[in-house]
Amino acid sequence: RCFGRCQSRKPEGNAYGSDTTAMFCSLGALGRSLLIQRCCPLCARPIDQTLKGSTPCRPCQERLQLSPEGIKGWHPLPWQALGRYADGFRALLLKLRREPNKRRFHALITLLDQGLQLPESAVLVPIPSWKHHHGNTVPTLMAQRLGLPSAPLLMRHQARLSQHHLSRNLRKTNLTGAFQAAPIPEKQPAQIWLVDDILTTGSTALAARDALHH
């Protein structure tokens, strides 16, 4: 026991010892890694730190058959996409329409953007929904997130039946006159790319193209 007045002394060297300091450093590094651990926006599992941006993990990419390089086609118009509209990817897109989730949506757009090969002069034109309330806003959000200029050059002219249960031929006739082009700006875009979240028969894209041509 100390009965006198204690005098504080500045410890010489490392007050905790090298082993204790090393332990604190390790705990600090572990804490930082836990705090900044990236998780997959789709399945919430820890994500590979080598992946660029906030993209889905590789198991989710394989499960949904997503291609970081993108997939391309030429019928009925030249198109580029992140994956085929089938199976798990189809279910995910339909769920995002019903229950929008910005984190999941942005992750898919980030992955899509990595594989897109569009000219810098391209202007993105989202295909609008015919519903004024609770309409599909995904094409507009896609155009805004892809890093290229976008312009609302299309308007829904008349409401049409839902395309979901229609045959290929009925889809074409159902969308006749469905779109109307907005006034074209003085500086016309050198190249226009239509933006939509789902492409099946291409009837919607063709109707939108025809409206812009006329």
# chains A, B, ... in the order shown; residues from 1 in each chain; ligands from 1

$ closest_atom_pairs --of "segment 94-153 of chain A" --to "segment 74-82 of chain A" --cutoff "8 Å" --atoms "only C-alpha atoms" --output "CSV"
residue,atom,partner,partner_atom,distance
A:Leu111,CA,A:Leu82,CA,7.5
A:Leu112,CA,A:Leu82,CA,5.3
A:Gly115,CA,A:Leu82,CA,7.8
A:Leu116,CA,A:Gln80,CA,7.0

$ residues_around --residues "Arg103 of chain A" --least-positions-apart "2" --cutoff "9 Å" --atoms "only C-alpha atoms" --output "list in words"
Pro41, Leu42, Ser54, Asn101, Phe105, His106, Ala107 and Leu108 of chain A

$ write_last_selection --atoms "all heavy atoms" --output "short mmCIF file (atom, residue, chain, number, x, y, z; two decimals), in the first residue's frame"
data_model
loop_
_atom_site.label_atom_id
_atom_site.label_comp_id
_atom_site.auth_asym_id
_atom_site.auth_seq_id
_atom_site.Cartn_x
_atom_site.Cartn_y
_atom_site.Cartn_z
N PRO A 41 -25.57 -7.41 -52.76
CA PRO A 41 -26.88 -6.75 -52.66
C PRO A 41 -28.05 -7.69 -52.90
O PRO A 41 -29.17 -7.37 -52.54
CB PRO A 41 -26.81 -5.68 -53.76
CG PRO A 41 -25.36 -5.52 -54.08
CD PRO A 41 -24.75 -6.86 -53.85
N LEU A 42 -27.77 -8.87 -53.49
CA LEU A 42 -28.86 -9.79 -53.81
C LEU A 42 -29.05 -10.86 -52.75
O LEU A 42 -30.18 -11.16 -52.37
CB LEU A 42 -28.60 -10.47 -55.16
CG LEU A 42 -28.44 -9.53 -56.36
CD1 LEU A 42 -28.33 -10.33 -57.64
CD2 LEU A 42 -29.58 -8.53 -56.45
N SER A 54 -20.39 -1.94 -56.51
CA SER A 54 -21.37 -2.68 -55.73
C SER A 54 -22.13 -3.61 -56.65
O SER A 54 -23.28 -3.38 -57.03
CB SER A 54 -22.33 -1.71 -55.03
OG SER A 54 -23.29 -2.41 -54.27
N ASN A 101 -36.29 -2.04 -55.12
CA ASN A 101 -35.20 -2.08 -54.16
C ASN A 101 -34.00 -1.39 -54.80
O ASN A 101 -33.38 -1.94 -55.71
CB ASN A 101 -34.87 -3.54 -53.79
CG ASN A 101 -33.81 -3.65 -52.72
OD1 ASN A 101 -32.70 -3.14 -52.88
ND2 ASN A 101 -34.12 -4.31 -51.62
N PHE A 105 -31.26 -2.89 -57.45
CA PHE A 105 -31.35 -2.31 -58.78
C PHE A 105 -30.03 -1.67 -59.20
O PHE A 105 -29.54 -1.89 -60.31
CB PHE A 105 -32.49 -1.28 -58.80
CG PHE A 105 -32.55 -0.50 -60.07
CD1 PHE A 105 -33.03 -1.05 -61.23
CD2 PHE A 105 -32.12 0.82 -60.09
CE1 PHE A 105 -33.08 -0.32 -62.40
CE2 PHE A 105 -32.17 1.55 -61.25
CZ PHE A 105 -32.66 0.98 -62.42
N HIS A 106 -29.42 -0.89 -58.33
CA HIS A 106 -28.16 -0.24 -58.65
C HIS A 106 -27.05 -1.26 -58.89
O HIS A 106 -26.16 -1.04 -59.72
CB HIS A 106 -27.77 0.73 -57.53
CG HIS A 106 -28.67 1.92 -57.44
ND1 HIS A 106 -28.70 2.76 -56.34
CD2 HIS A 106 -29.59 2.42 -58.31
CE1 HIS A 106 -29.58 3.72 -56.55
NE2 HIS A 106 -30.13 3.52 -57.73
N ALA A 107 -27.09 -2.37 -58.16
CA ALA A 107 -26.07 -3.41 -58.36
C ALA A 107 -26.19 -4.01 -59.76
O ALA A 107 -25.17 -4.24 -60.43
CB ALA A 107 -26.24 -4.50 -57.30
N LEU A 108 -27.41 -4.25 -60.22
CA LEU A 108 -27.60 -4.80 -61.56
C LEU A 108 -27.18 -3.79 -62.63
O LEU A 108 -26.55 -4.15 -63.64
CB LEU A 108 -29.06 -5.20 -61.76
CG LEU A 108 -29.56 -6.36 -60.89
CD1 LEU A 108 -31.06 -6.56 -61.09
CD2 LEU A 108 -28.81 -7.64 -61.20
#

$ select_by_dssp --residues "segment 80-137 of chain A" --states "helix (DSSP H, G or I)" --output "ChimeraX atom specification"
/A:87-98,102-115

$ select_by_dssp --residues "segment 91-146 of chain A" --states "strand (DSSP E)" --output "PDB file with all heavy atoms, in the first residue's frame"
ATOM      1  N   ALA A 122     -24.027   8.652 -77.973  1.00  0.00           N
ATOM      2  CA  ALA A 122     -25.357   8.056 -77.822  1.00  0.00           C
ATOM      3  C   ALA A 122     -26.182   8.830 -76.798  1.00  0.00           C
ATOM      4  O   ALA A 122     -25.665   9.324 -75.796  1.00  0.00           O
ATOM      5  CB  ALA A 122     -25.232   6.599 -77.407  1.00  0.00           C
ATOM      6  N   VAL A 123     -27.470   8.931 -77.065  1.00  0.00           N
ATOM      7  CA  VAL A 123     -28.437   9.509 -76.134  1.00  0.00           C
ATOM      8  C   VAL A 123     -29.426   8.408 -75.764  1.00  0.00           C
ATOM      9  O   VAL A 123     -29.980   7.733 -76.639  1.00  0.00           O
ATOM     10  CB  VAL A 123     -29.178  10.711 -76.751  1.00  0.00           C
ATOM     11  CG1 VAL A 123     -30.287  11.187 -75.819  1.00  0.00           C
ATOM     12  CG2 VAL A 123     -28.199  11.836 -77.033  1.00  0.00           C
ATOM     13  N   LEU A 124     -29.636   8.210 -74.483  1.00  0.00           N
ATOM     14  CA  LEU A 124     -30.523   7.156 -73.995  1.00  0.00           C
ATOM     15  C   LEU A 124     -31.946   7.690 -73.864  1.00  0.00           C
ATOM     16  O   LEU A 124     -32.171   8.745 -73.258  1.00  0.00           O
ATOM     17  CB  LEU A 124     -30.031   6.636 -72.651  1.00  0.00           C
ATOM     18  CG  LEU A 124     -28.569   6.158 -72.605  1.00  0.00           C
ATOM     19  CD1 LEU A 124     -28.214   5.679 -71.207  1.00  0.00           C
ATOM     20  CD2 LEU A 124     -28.323   5.060 -73.624  1.00  0.00           C
ATOM     21  N   VAL A 125     -32.886   6.957 -74.425  1.00  0.00           N
ATOM     22  CA  VAL A 125     -34.295   7.356 -74.374  1.00  0.00           C
ATOM     23  C   VAL A 125     -35.080   6.250 -73.674  1.00  0.00           C
ATOM     24  O   VAL A 125     -35.257   5.154 -74.232  1.00  0.00           O
ATOM     25  CB  VAL A 125     -34.858   7.592 -75.786  1.00  0.00           C
ATOM     26  CG1 VAL A 125     -36.349   7.927 -75.708  1.00  0.00           C
ATOM     27  CG2 VAL A 125     -34.103   8.718 -76.473  1.00  0.00           C
ATOM     28  N   PRO A 126     -35.535   6.476 -72.445  1.00  0.00           N
ATOM     29  CA  PRO A 126     -36.294   5.444 -71.736  1.00  0.00           C
ATOM     30  C   PRO A 126     -37.688   5.275 -72.334  1.00  0.00           C
ATOM     31  O   PRO A 126     -38.316   6.237 -72.766  1.00  0.00           O
ATOM     32  CB  PRO A 126     -36.361   5.975 -70.296  1.00  0.00           C
ATOM     33  CG  PRO A 126     -36.220   7.457 -70.433  1.00  0.00           C
ATOM     34  CD  PRO A 126     -35.329   7.686 -71.624  1.00  0.00           C
TER      35      PRO A 126
END

$ atom_distance --atom1 "atom CA of Ala86 of chain A" --atom2 "atom CA of Arg145 of chain A"
23.7 Å

$ atom_distance --atom1 "atom CA of Arg58 of chain A" --atom2 "atom CA of Asp87 of chain A"
17.4 Å

$ atom_distance --atom1 "atom CA of Pro56 of chain A" --atom2 "atom CA of Gly147 of chain A"
19.4 Å

$ residues_around --residues "segment 187-192 of chain A" --least-positions-apart "4" --cutoff "10 Å" --atoms "only C-alpha atoms" --output "list in words"
Leu118, Pro119, Glu120, Ser121, Ala122, Val123, Leu124, Val125, Pro149, Ser150, Ala151, Leu153, Arg209 and Leu212 of chain A
